[in-house]
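Chemist: One file is attached below, protein_23.txt, containing compact mmCIF, C-alpha atoms and all ligand atoms.
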# COMPACT_ATOMS: atom_id res chain seq x y z
CA MET A 12 10.76 36.82 -39.24
CA ALA A 13 13.08 34.05 -38.07
CA ASP A 14 12.50 32.33 -34.77
CA LEU A 15 14.97 34.06 -32.44
CA LYS A 16 14.25 31.97 -29.36
CA PRO A 17 17.43 30.69 -27.70
CA GLY A 18 18.11 27.06 -26.91
CA ASN A 19 17.87 25.52 -30.36
CA GLU A 20 20.54 23.23 -31.75
CA LEU A 21 22.75 24.41 -34.60
CA PRO A 22 21.14 22.83 -37.71
CA ILE A 23 24.61 21.92 -39.01
CA PRO A 24 26.43 20.52 -35.97
CA ASN A 25 30.23 20.45 -35.64
CA ARG A 26 30.76 23.34 -38.03
CA ALA A 27 32.47 26.68 -37.83
CA ILE A 28 30.25 29.53 -39.00
CA ILE A 29 32.46 32.30 -40.35
CA LEU A 30 31.07 35.84 -40.57
CA LEU A 31 33.08 37.62 -43.25
CA GLY A 32 32.73 41.30 -44.07
CA PRO A 33 34.26 44.75 -43.58
CA PRO A 34 34.44 46.62 -40.26
CA GLY A 35 30.93 47.83 -39.43
CA ALA A 36 29.14 45.29 -41.64
CA GLY A 37 27.23 43.97 -38.61
CA LYS A 38 29.26 40.82 -37.85
CA GLY A 39 29.35 41.38 -34.09
CA THR A 40 25.65 42.25 -33.93
CA GLN A 41 24.71 39.07 -35.79
CA ALA A 42 27.30 36.83 -34.12
CA ARG A 43 25.72 37.59 -30.74
CA ARG A 44 22.27 36.71 -32.07
CA LEU A 45 23.37 33.48 -33.79
CA ALA A 46 25.31 32.37 -30.74
CA GLU A 47 22.25 32.91 -28.56
CA ARG A 48 19.83 31.41 -31.09
CA PHE A 49 21.87 28.22 -31.56
CA SER A 50 23.51 27.98 -28.10
CA VAL A 51 27.06 27.99 -29.47
CA PRO A 52 29.94 30.31 -28.50
CA GLN A 53 30.81 33.51 -30.34
CA LEU A 54 34.55 33.70 -30.99
CA SER A 55 35.47 37.33 -31.70
CA THR A 56 39.20 37.86 -32.17
CA GLY A 57 38.71 41.62 -31.70
CA ASP A 58 37.05 41.01 -28.31
CA MET A 59 39.77 38.52 -27.32
CA LEU A 60 42.45 41.09 -28.15
CA ARG A 61 40.63 43.85 -26.23
CA VAL A 62 40.51 41.55 -23.17
CA GLU A 63 44.28 41.01 -23.47
CA ILE A 64 44.85 44.77 -23.74
CA ALA A 65 42.64 45.50 -20.72
CA ALA A 66 44.52 42.84 -18.71
CA GLY A 67 47.88 44.34 -19.75
CA THR A 68 49.28 41.01 -20.93
CA GLU A 69 52.35 40.77 -23.15
CA LEU A 70 50.12 39.80 -26.04
CA GLY A 71 47.87 42.80 -25.34
CA GLN A 72 50.86 45.13 -25.27
CA LYS A 73 51.92 43.90 -28.71
CA ALA A 74 48.41 44.24 -30.15
CA LYS A 75 47.51 47.64 -28.66
CA PRO A 76 49.53 50.01 -30.88
CA LEU A 77 48.53 48.10 -34.01
CA MET A 78 44.83 48.22 -33.15
CA GLU A 79 45.11 51.91 -32.29
CA ARG A 80 46.43 52.52 -35.81
CA GLY A 81 43.77 50.32 -37.44
CA GLU A 82 46.30 47.72 -38.60
CA LEU A 83 45.96 43.96 -38.39
CA VAL A 84 47.66 42.10 -35.55
CA PRO A 85 50.25 39.50 -36.76
CA ASP A 86 48.76 36.19 -37.85
CA GLU A 87 50.70 34.10 -35.31
CA ILE A 88 49.25 36.04 -32.36
CA VAL A 89 45.67 35.67 -33.52
CA LEU A 90 46.11 32.05 -34.60
CA GLY A 91 47.41 31.00 -31.19
CA MET A 92 44.39 32.59 -29.49
CA VAL A 93 41.88 30.98 -31.85
CA GLU A 94 43.45 27.53 -31.73
CA HIS A 95 43.40 27.61 -27.93
CA ARG A 96 39.77 28.80 -27.84
CA VAL A 97 38.52 26.24 -30.39
CA SER A 98 40.00 23.41 -28.31
CA MET A 99 37.72 24.29 -25.37
CA GLY A 100 34.78 22.01 -24.63
CA ASP A 101 32.04 24.54 -25.34
CA CYS A 102 33.12 24.68 -29.03
CA SER A 103 32.54 20.96 -29.58
CA LYS A 104 29.14 21.42 -31.25
CA GLY A 105 30.21 24.36 -33.42
CA PHE A 106 30.89 28.08 -33.01
CA VAL A 107 30.52 31.45 -34.67
CA LEU A 108 33.73 33.17 -35.80
CA ASP A 109 33.48 36.97 -35.86
CA GLY A 110 36.49 38.83 -37.30
CA PHE A 111 38.52 35.71 -38.09
CA PRO A 112 40.03 34.69 -40.44
CA ARG A 113 41.25 37.97 -41.92
CA THR A 114 44.16 36.88 -44.12
CA ILE A 115 44.88 33.91 -46.38
CA PRO A 116 47.41 32.41 -43.90
CA GLN A 117 44.77 32.67 -41.16
CA ALA A 118 42.20 30.93 -43.37
CA GLU A 119 44.65 28.16 -44.28
CA ALA A 120 45.61 27.63 -40.65
CA LEU A 121 41.96 27.58 -39.63
CA GLY A 122 41.32 24.88 -42.22
CA GLU A 123 44.01 22.72 -40.59
CA VAL A 124 42.64 23.35 -37.09
CA LEU A 125 39.13 22.39 -38.19
CA LYS A 126 40.37 19.17 -39.79
CA ARG A 127 42.47 18.29 -36.76
CA CYS A 128 39.55 18.87 -34.38
CA GLY A 129 37.12 16.83 -36.50
CA PHE A 130 34.94 19.68 -37.74
CA GLY A 131 33.33 19.66 -41.17
CA ARG A 132 33.84 22.35 -43.79
CA PRO A 133 33.07 25.87 -42.52
CA VAL A 134 29.96 27.78 -43.51
CA VAL A 135 30.98 31.27 -44.63
CA LEU A 136 28.38 34.05 -44.49
CA HIS A 137 29.59 37.04 -46.50
CA PHE A 138 28.12 40.37 -45.36
CA VAL A 139 27.60 42.49 -48.48
CA VAL A 140 27.16 46.12 -47.51
CA ASP A 141 27.30 49.51 -49.24
CA PRO A 142 30.75 50.89 -48.27
CA ASN A 143 29.20 54.36 -47.91
CA HIS A 144 27.29 53.17 -44.82
CA LEU A 145 30.31 51.93 -42.90
CA LEU A 146 31.78 55.19 -41.58
CA GLN A 147 28.51 56.26 -39.95
CA ARG A 148 27.90 52.78 -38.56
CA LEU A 149 31.32 52.76 -36.90
CA THR A 150 31.56 56.34 -35.65
CA GLY A 151 27.99 56.01 -34.32
CA ARG A 152 28.56 52.67 -32.56
CA ARG A 153 28.24 52.50 -28.77
CA ILE A 154 28.75 49.30 -26.76
CA CYS A 155 27.41 48.42 -23.32
CA ALA A 156 30.34 48.13 -20.92
CA VAL A 157 28.51 45.43 -18.93
CA HIS A 158 27.27 42.78 -21.39
CA GLY A 159 28.40 44.12 -24.77
CA GLU A 160 25.02 44.97 -26.34
CA ILE A 161 25.70 47.00 -29.50
CA TYR A 162 23.88 50.30 -30.23
CA ASN A 163 24.20 53.04 -32.80
CA VAL A 164 23.45 56.67 -32.04
CA TYR A 165 21.99 57.12 -35.54
CA GLU A 166 20.41 53.75 -36.36
CA ARG A 167 19.71 52.09 -33.01
CA PRO A 168 19.85 54.64 -30.19
CA PRO A 169 19.27 53.51 -26.59
CA LYS A 170 16.07 54.67 -24.85
CA ALA A 171 18.10 56.70 -22.31
CA PRO A 172 21.16 58.45 -23.79
CA GLY A 173 24.43 56.72 -22.85
CA ARG A 174 22.74 53.82 -20.99
CA CYS A 175 22.03 50.24 -22.06
CA ASP A 176 18.31 49.39 -22.36
CA ASN A 177 18.92 45.92 -20.87
CA ASP A 178 21.02 46.57 -17.78
CA GLY A 179 21.60 50.35 -17.53
CA GLY A 180 25.31 49.81 -18.25
CA GLU A 181 27.39 52.70 -19.54
CA LEU A 182 27.61 52.88 -23.33
CA ILE A 183 31.12 53.46 -24.60
CA ALA A 184 32.70 54.17 -27.99
CA ARG A 185 35.58 51.96 -29.12
CA PRO A 186 38.83 53.95 -29.45
CA ASP A 187 39.32 52.57 -32.98
CA ASP A 188 35.92 53.88 -34.08
CA ARG A 189 37.34 57.38 -34.53
CA GLU A 190 37.21 58.42 -38.18
CA GLU A 191 41.01 58.62 -38.50
CA VAL A 192 41.32 54.96 -37.40
CA VAL A 193 38.27 53.71 -39.29
CA ARG A 194 39.85 54.62 -42.63
CA PRO A 195 42.98 52.43 -42.19
CA ARG A 196 40.76 49.61 -40.87
CA LEU A 197 38.69 49.75 -44.05
CA ASP A 198 41.93 49.84 -46.08
CA ALA A 199 43.22 46.76 -44.25
CA TYR A 200 39.98 44.96 -45.15
CA ARG A 201 40.30 45.88 -48.83
CA LYS A 202 43.99 44.94 -49.03
CA ARG A 203 44.18 41.79 -46.91
CA THR A 204 40.77 40.35 -46.07
CA LYS A 205 38.53 40.86 -49.12
CA VAL A 206 40.54 38.21 -50.99
CA LEU A 207 38.94 35.62 -48.68
CA VAL A 208 35.64 36.09 -50.52
CA GLU A 209 37.19 34.48 -53.61
CA TYR A 210 39.11 31.95 -51.48
CA TYR A 211 35.91 30.62 -49.90
CA GLU A 212 33.85 31.00 -53.09
CA GLN A 213 36.27 28.63 -54.81
CA GLN A 214 35.69 26.12 -52.01
CA GLY A 215 31.93 26.39 -52.56
CA VAL A 216 31.22 27.28 -48.92
CA LEU A 217 30.36 31.00 -49.17
CA THR A 218 26.90 32.60 -49.27
CA ASP A 219 26.25 36.32 -49.73
CA VAL A 220 23.96 38.10 -47.29
CA ASP A 221 22.40 41.54 -47.82
CA ALA A 222 23.86 43.33 -44.78
CA ASP A 223 22.26 46.66 -45.75
CA ALA A 224 18.92 45.27 -44.62
CA ALA A 225 17.60 45.98 -41.11
CA PRO A 226 19.26 43.88 -38.36
CA ASP A 227 16.21 41.60 -37.84
CA ALA A 228 16.01 40.94 -41.58
CA VAL A 229 19.73 40.11 -41.68
CA THR A 230 19.25 37.66 -38.78
CA ALA A 231 16.32 36.04 -40.58
CA SER A 232 18.47 35.58 -43.73
CA LEU A 233 21.34 34.05 -41.75
CA VAL A 234 19.09 31.65 -39.86
CA GLY A 235 17.45 30.69 -43.16
CA ILE A 236 20.79 29.98 -44.82
CA LEU A 237 22.01 27.88 -41.89
CA THR A 238 18.75 25.94 -41.75
CA ARG A 239 18.84 25.25 -45.49
CA ALA A 240 22.50 24.17 -45.23
CA ALA A 241 21.47 21.36 -42.87
P1 LIG B 301 37.18 43.69 -34.67
O1 LIG B 301 36.81 43.93 -33.27
O2 LIG B 301 37.02 42.36 -35.27
O3 LIG B 301 36.47 44.79 -35.54
P2 LIG B 301 36.02 44.80 -37.08
O4 LIG B 301 36.19 43.58 -37.90
O5 LIG B 301 36.69 46.00 -37.58
O6 LIG B 301 34.53 44.80 -37.04
P3 LIG B 301 33.65 45.68 -36.14
O7 LIG B 301 33.51 45.09 -34.78
O8 LIG B 301 34.12 47.10 -36.20
O9 LIG B 301 32.28 45.66 -36.96
P4 LIG B 301 31.13 44.59 -37.03
O10 LIG B 301 31.04 44.06 -38.42
O11 LIG B 301 31.23 43.60 -35.93
O12 LIG B 301 29.88 45.54 -36.83
P5 LIG B 301 28.85 45.70 -35.59
O13 LIG B 301 27.93 44.52 -35.55
O14 LIG B 301 29.53 46.09 -34.34
O15 LIG B 301 38.74 44.07 -34.88
C1 LIG B 301 39.32 45.21 -34.28
C2 LIG B 301 40.82 45.18 -34.51
O16 LIG B 301 41.38 44.00 -33.90
C3 LIG B 301 41.28 45.09 -35.97
O17 LIG B 301 41.34 46.38 -36.56
C4 LIG B 301 42.64 44.42 -35.83
O18 LIG B 301 43.61 45.36 -35.41
C5 LIG B 301 42.44 43.45 -34.69
N1 LIG B 301 42.01 42.11 -35.14
C6 LIG B 301 40.84 41.49 -34.84
N2 LIG B 301 40.78 40.29 -35.42
C7 LIG B 301 41.95 40.14 -36.10
C8 LIG B 301 42.45 39.11 -36.92
N3 LIG B 301 41.74 37.97 -37.17
N4 LIG B 301 43.67 39.28 -37.47
C9 LIG B 301 44.40 40.40 -37.25
N5 LIG B 301 43.97 41.43 -36.49
C10 LIG B 301 42.74 41.30 -35.92
O19 LIG B 301 28.00 46.93 -36.15
C11 LIG B 301 28.58 48.19 -36.35
C12 LIG B 301 27.52 49.29 -36.13
O20 LIG B 301 26.51 49.16 -37.13
C13 LIG B 301 26.80 49.18 -34.78
O21 LIG B 301 26.57 50.47 -34.28
C14 LIG B 301 25.48 48.47 -35.12
O22 LIG B 301 24.44 48.85 -34.24
C15 LIG B 301 25.23 48.93 -36.54
N6 LIG B 301 24.56 47.92 -37.36
C16 LIG B 301 24.79 46.58 -37.35
N7 LIG B 301 23.99 45.96 -38.24
C17 LIG B 301 23.25 46.93 -38.83
C18 LIG B 301 22.24 46.91 -39.84
N8 LIG B 301 21.87 45.77 -40.43
N9 LIG B 301 21.70 48.09 -40.21
C19 LIG B 301 22.09 49.26 -39.62
N10 LIG B 301 23.03 49.34 -38.64
C20 LIG B 301 23.61 48.18 -38.26
When written as structure tokens, how does the structure in this file appear?
Ligand code: AP5

Modeler:
Amino acid sequence: MADLKPGNELPIPNRAIILLGPPGAGKGTQARRLAERFSVPQLSTGDMLRVEIAAGTELGQKAKPLMERGELVPDEIVLGMVEHRVSMGDCSKGFVLDGFPRTIPQAEALGEVLKRCGFGRPVVLHFVVDPNHLLQRLTGRRICAVHGEIYNVYERPPKAPGRCDNDGGELIARPDDREEVVRPRLDAYRKRTKVLVEYYEQQGVLTDVDADAAPDAVTASLVGILTRAA
């Protein structure tokens, strides 16, 4: 198994690591682990949008109804957030992008941002997963309200029902993990995001990862790919 100890340097410094895959593929689970393992920030556009919604900002008010319907938020909203976040000092040695980019215009704009900020070409890790697993992964997901640890009532249940193993925090279900919202989210992936697989393949920066494997095995694959890319 890969060395999961925190505090190590990213083997490919000054790079964006893009986790690409459908809702429920395990991007958030693995982004947390990579960020900890390599001491770089995790940039999740979904989390950023949920923070805006919780704070009741104008941006959050625009995003909320779209996210509730499982639709993508307009590119310009997400791009502004990412550009601002990437310019912060803690991103200078690299970062893990989780849920971004999701459209061709987002990918093109990201390319410009990376060039402008002096980053090398991104490393794109494509999570390949059996689509039949995704509904159960999403409807069964529970997230710790305190530090965001991700559980699954079927695959990775907590020791005490409804409570985080690490800090006892309440485990909550995301409102968009209801089956009627999961289906449009999966549709949005098929119609607007899947095309990025070919986009990044053509640039020679994409590597497939078997995301049907157990979470520790997926982490080991990702760490191996990043180490070999050095
Ligand atoms: P976002 O928050 O990004 O959600 P998502 O992409 O739909 O992805 P998820 O967080 O649902 O899944 P994940 O792949 O992270 O899986 P996880 O690791 O949690 O986006 C939400 C919404 O925000 C979008 O619908 C859109 O409206 C908007 N948005 C966000 N970014 C945007 C953008 N760039 N542009 C426009 N709109 C945007 O795992 C899922 C479950 O599976 C968990 O229970 C976990 O325990 C389990 N699991 C994980 N790995 C494994 C494994 N290997 N084996 C078994 N179970 C596993």

Chemist: Show me the residues around (20.5, 41.3, -51.0) - criterion: an atom at most 12 Å away, only C-alpha atoms counted - as a list of chain:residue names.

Modeler: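 Answer for this query, in the requested form: A:His137, A:Phe138, A:Val139, A:Val140, A:Asp141, A:Thr218, A:Asp219, A:Val220, A:Asp221, A:Ala222, A:Asp223, A:Ala224, A:Ala225, A:Ala228, A:Val229, A:Ser232, A:Leu233.
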
Chemist: Kindly provide, as an MDAnalysis selection string, the polymer residues lying within 12 Å of (23.9, 30.5, -27.1), counting all atoms listed in the file and using the coordinates exactly as they appear in the file.

Modeler: chainID A and resid 15:21 42:54 101:102 104:107

Chemist: I need the chosen residues saved as a CSV table (one decimal), in the coordinates of the input, with C-alpha atoms.

Modeler:
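Generated output (out03.csv):
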chain,number,residue,atom,x,y,z
A,15,LEU,CA,15.0,34.1,-32.4
A,16,LYS,CA,14.2,32.0,-29.4
A,17,PRO,CA,17.4,30.7,-27.7
A,18,GLY,CA,18.1,27.1,-26.9
A,19,ASN,CA,17.9,25.5,-30.4
A,20,GLU,CA,20.5,23.2,-31.8
A,21,LEU,CA,22.8,24.4,-34.6
A,42,ALA,CA,27.3,36.8,-34.1
A,43,ARG,CA,25.7,37.6,-30.7
A,44,ARG,CA,22.3,36.7,-32.1
A,45,LEU,CA,23.4,33.5,-33.8
A,46,ALA,CA,25.3,32.4,-30.7
A,47,GLU,CA,22.2,32.9,-28.6
A,48,ARG,CA,19.8,31.4,-31.1
A,49,PHE,CA,21.9,28.2,-31.6
A,50,SER,CA,23.5,28.0,-28.1
A,51,VAL,CA,27.1,28.0,-29.5
A,52,PRO,CA,29.9,30.3,-28.5
A,53,GLN,CA,30.8,33.5,-30.3
A,54,LEU,CA,34.6,33.7,-31.0
A,101,ASP,CA,32.0,24.5,-25.3
A,102,CYS,CA,33.1,24.7,-29.0
A,104,LYS,CA,29.1,21.4,-31.2
A,105,GLY,CA,30.2,24.4,-33.4
A,106,PHE,CA,30.9,28.1,-33.0
A,107,VAL,CA,30.5,31.4,-34.7

Chemist: Looking at only C-alpha atoms and all ligand atoms, which of A:Ile88, A:Cys155, A:Ile236, A:Ile23 is the one that sits closest to ligand LIG 301 (chain B)?

Modeler: A:Ile88

Chemist: Which residues are near ligand LIG 301 (chain B) - at most 7 Å, using all atoms listed in the file? Format: as a PyMOL selection string.

Modeler: chain A and resi 32-41+55-58+60+77-78+81-86+89+109-113+148-149+151-153+161-163+166-167+196+222-226+229

Chemist: Write the residues of the preceding selection, restricted to C-alpha atoms, as an mmCIF file, keeping the file's coordinate frame.

Modeler:
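File result-v9.cif, as written:
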data_model
loop_
_atom_site.group_PDB
_atom_site.id
_atom_site.type_symbol
_atom_site.label_atom_id
_atom_site.label_comp_id
_atom_site.auth_asym_id
_atom_site.auth_seq_id
_atom_site.Cartn_x
_atom_site.Cartn_y
_atom_site.Cartn_z
ATOM 1 C CA GLY A 32 32.730 41.300 -44.070
ATOM 2 C CA PRO A 33 34.260 44.750 -43.580
ATOM 3 C CA PRO A 34 34.440 46.620 -40.260
ATOM 4 C CA GLY A 35 30.930 47.830 -39.430
ATOM 5 C CA ALA A 36 29.140 45.290 -41.640
ATOM 6 C CA GLY A 37 27.230 43.970 -38.610
ATOM 7 C CA LYS A 38 29.260 40.820 -37.850
ATOM 8 C CA GLY A 39 29.350 41.380 -34.090
ATOM 9 C CA THR A 40 25.650 42.250 -33.930
ATOM 10 C CA GLN A 41 24.710 39.070 -35.790
ATOM 11 C CA SER A 55 35.470 37.330 -31.700
ATOM 12 C CA THR A 56 39.200 37.860 -32.170
ATOM 13 C CA GLY A 57 38.710 41.620 -31.700
ATOM 14 C CA ASP A 58 37.050 41.010 -28.310
ATOM 15 C CA LEU A 60 42.450 41.090 -28.150
ATOM 16 C CA LEU A 77 48.530 48.100 -34.010
ATOM 17 C CA MET A 78 44.830 48.220 -33.150
ATOM 18 C CA GLY A 81 43.770 50.320 -37.440
ATOM 19 C CA GLU A 82 46.300 47.720 -38.600
ATOM 20 C CA LEU A 83 45.960 43.960 -38.390
ATOM 21 C CA VAL A 84 47.660 42.100 -35.550
ATOM 22 C CA PRO A 85 50.250 39.500 -36.760
ATOM 23 C CA ASP A 86 48.760 36.190 -37.850
ATOM 24 C CA VAL A 89 45.670 35.670 -33.520
ATOM 25 C CA ASP A 109 33.480 36.970 -35.860
ATOM 26 C CA GLY A 110 36.490 38.830 -37.300
ATOM 27 C CA PHE A 111 38.520 35.710 -38.090
ATOM 28 C CA PRO A 112 40.030 34.690 -40.440
ATOM 29 C CA ARG A 113 41.250 37.970 -41.920
ATOM 30 C CA ARG A 148 27.900 52.780 -38.560
ATOM 31 C CA LEU A 149 31.320 52.760 -36.900
ATOM 32 C CA GLY A 151 27.990 56.010 -34.320
ATOM 33 C CA ARG A 152 28.560 52.670 -32.560
ATOM 34 C CA ARG A 153 28.240 52.500 -28.770
ATOM 35 C CA ILE A 161 25.700 47.000 -29.500
ATOM 36 C CA TYR A 162 23.880 50.300 -30.230
ATOM 37 C CA ASN A 163 24.200 53.040 -32.800
ATOM 38 C CA GLU A 166 20.410 53.750 -36.360
ATOM 39 C CA ARG A 167 19.710 52.090 -33.010
ATOM 40 C CA ARG A 196 40.760 49.610 -40.870
ATOM 41 C CA ALA A 222 23.860 43.330 -44.780
ATOM 42 C CA ASP A 223 22.260 46.660 -45.750
ATOM 43 C CA ALA A 224 18.920 45.270 -44.620
ATOM 44 C CA ALA A 225 17.600 45.980 -41.110
ATOM 45 C CA PRO A 226 19.260 43.880 -38.360
ATOM 46 C CA VAL A 229 19.730 40.110 -41.680
#

Chemist: Given all atoms listed in the file as the basis, pick out the residue of A:Val134, A:Ala156, A:Leu145, A:Leu207 nearest to Pro22 of chain A.

Modeler: A:Val134

Chemist: Can segment 36-45 of chain A be brought up to all heavy atoms and written out as a PDB file, keeping the file's coordinate frame?

Modeler:
ATOM      1  N   ALA A  36      30.143  45.980 -40.812  1.00  0.00           N
ATOM      2  CA  ALA A  36      29.140  45.290 -41.640  1.00  0.00           C
ATOM      3  C   ALA A  36      28.015  44.688 -40.794  1.00  0.00           C
ATOM      4  O   ALA A  36      26.966  44.329 -41.314  1.00  0.00           O
ATOM      5  CB  ALA A  36      29.813  44.190 -42.456  1.00  0.00           C
ATOM      6  N   GLY A  37      28.252  44.550 -39.480  1.00  0.00           N
ATOM      7  CA  GLY A  37      27.230  43.970 -38.610  1.00  0.00           C
ATOM      8  C   GLY A  37      27.585  42.568 -38.125  1.00  0.00           C
ATOM      9  O   GLY A  37      26.737  41.857 -37.584  1.00  0.00           O
ATOM     10  N   LYS A  38      28.842  42.175 -38.244  1.00  0.00           N
ATOM     11  CA  LYS A  38      29.260  40.820 -37.850  1.00  0.00           C
ATOM     12  C   LYS A  38      29.036  40.587 -36.354  1.00  0.00           C
ATOM     13  O   LYS A  38      28.499  39.560 -35.948  1.00  0.00           O
ATOM     14  CB  LYS A  38      30.744  40.571 -38.194  1.00  0.00           C
ATOM     15  CG  LYS A  38      31.098  40.828 -39.646  1.00  0.00           C
ATOM     16  CD  LYS A  38      32.565  40.585 -39.931  1.00  0.00           C
ATOM     17  CE  LYS A  38      33.526  41.475 -39.151  1.00  0.00           C
ATOM     18  NZ  LYS A  38      33.435  42.920 -39.485  1.00  0.00           N
ATOM     19  N   GLY A  39      29.473  41.534 -35.543  1.00  0.00           N
ATOM     20  CA  GLY A  39      29.350  41.380 -34.090  1.00  0.00           C
ATOM     21  C   GLY A  39      27.883  41.323 -33.662  1.00  0.00           C
ATOM     22  O   GLY A  39      27.495  40.484 -32.837  1.00  0.00           O
ATOM     23  N   THR A  40      27.086  42.219 -34.240  1.00  0.00           N
ATOM     24  CA  THR A  40      25.650  42.250 -33.930  1.00  0.00           C
ATOM     25  C   THR A  40      25.025  40.887 -34.214  1.00  0.00           C
ATOM     26  O   THR A  40      24.301  40.317 -33.393  1.00  0.00           O
ATOM     27  CB  THR A  40      24.953  43.332 -34.798  1.00  0.00           C
ATOM     28  OG1 THR A  40      25.543  44.596 -34.513  1.00  0.00           O
ATOM     29  CG2 THR A  40      23.454  43.377 -34.555  1.00  0.00           C
ATOM     30  N   GLN A  41      25.335  40.334 -35.387  1.00  0.00           N
ATOM     31  CA  GLN A  41      24.710  39.070 -35.790  1.00  0.00           C
ATOM     32  C   GLN A  41      25.349  37.875 -35.100  1.00  0.00           C
ATOM     33  O   GLN A  41      24.653  36.896 -34.806  1.00  0.00           O
ATOM     34  CB  GLN A  41      24.775  38.923 -37.319  1.00  0.00           C
ATOM     35  CG  GLN A  41      24.037  40.015 -38.084  1.00  0.00           C
ATOM     36  CD  GLN A  41      22.545  40.076 -37.776  1.00  0.00           C
ATOM     37  OE1 GLN A  41      21.929  39.075 -37.410  1.00  0.00           O
ATOM     38  NE2 GLN A  41      21.954  41.263 -37.897  1.00  0.00           N
ATOM     39  N   ALA A  42      26.647  37.948 -34.814  1.00  0.00           N
ATOM     40  CA  ALA A  42      27.300  36.830 -34.120  1.00  0.00           C
ATOM     41  C   ALA A  42      26.659  36.613 -32.754  1.00  0.00           C
ATOM     42  O   ALA A  42      26.412  35.471 -32.341  1.00  0.00           O
ATOM     43  CB  ALA A  42      28.799  37.090 -33.974  1.00  0.00           C
ATOM     44  N   ARG A  43      26.372  37.689 -32.058  1.00  0.00           N
ATOM     45  CA  ARG A  43      25.720  37.590 -30.740  1.00  0.00           C
ATOM     46  C   ARG A  43      24.368  36.888 -30.876  1.00  0.00           C
ATOM     47  O   ARG A  43      24.000  36.038 -30.079  1.00  0.00           O
ATOM     48  CB  ARG A  43      25.476  38.975 -30.147  1.00  0.00           C
ATOM     49  CG  ARG A  43      26.719  39.638 -29.600  1.00  0.00           C
ATOM     50  CD  ARG A  43      26.423  41.076 -29.196  1.00  0.00           C
ATOM     51  NE  ARG A  43      25.508  41.202 -28.051  1.00  0.00           N
ATOM     52  CZ  ARG A  43      25.882  41.113 -26.787  1.00  0.00           C
ATOM     53  NH1 ARG A  43      27.143  40.906 -26.485  1.00  0.00           N
ATOM     54  NH2 ARG A  43      25.002  41.237 -25.811  1.00  0.00           N
ATOM     55  N   ARG A  44      23.614  37.283 -31.899  1.00  0.00           N
ATOM     56  CA  ARG A  44      22.270  36.710 -32.070  1.00  0.00           C
ATOM     57  C   ARG A  44      22.332  35.235 -32.455  1.00  0.00           C
ATOM     58  O   ARG A  44      21.564  34.419 -31.946  1.00  0.00           O
ATOM     59  CB  ARG A  44      21.530  37.491 -33.167  1.00  0.00           C
ATOM     60  CG  ARG A  44      21.206  38.913 -32.760  1.00  0.00           C
ATOM     61  CD  ARG A  44      20.530  39.618 -33.909  1.00  0.00           C
ATOM     62  NE  ARG A  44      20.143  40.979 -33.556  1.00  0.00           N
ATOM     63  CZ  ARG A  44      19.145  41.627 -34.120  1.00  0.00           C
ATOM     64  NH1 ARG A  44      18.440  41.058 -35.071  1.00  0.00           N
ATOM     65  NH2 ARG A  44      18.854  42.858 -33.758  1.00  0.00           N
ATOM     66  N   LEU A  45      23.266  34.894 -33.374  1.00  0.00           N
ATOM     67  CA  LEU A  45      23.370  33.480 -33.790  1.00  0.00           C
ATOM     68  C   LEU A  45      23.826  32.611 -32.630  1.00  0.00           C
ATOM     69  O   LEU A  45      23.345  31.495 -32.439  1.00  0.00           O
ATOM     70  CB  LEU A  45      24.330  33.344 -34.974  1.00  0.00           C
ATOM     71  CG  LEU A  45      23.879  33.976 -36.296  1.00  0.00           C
ATOM     72  CD1 LEU A  45      24.954  33.769 -37.358  1.00  0.00           C
ATOM     73  CD2 LEU A  45      22.549  33.398 -36.775  1.00  0.00           C
TER      74      LEU A  45
END
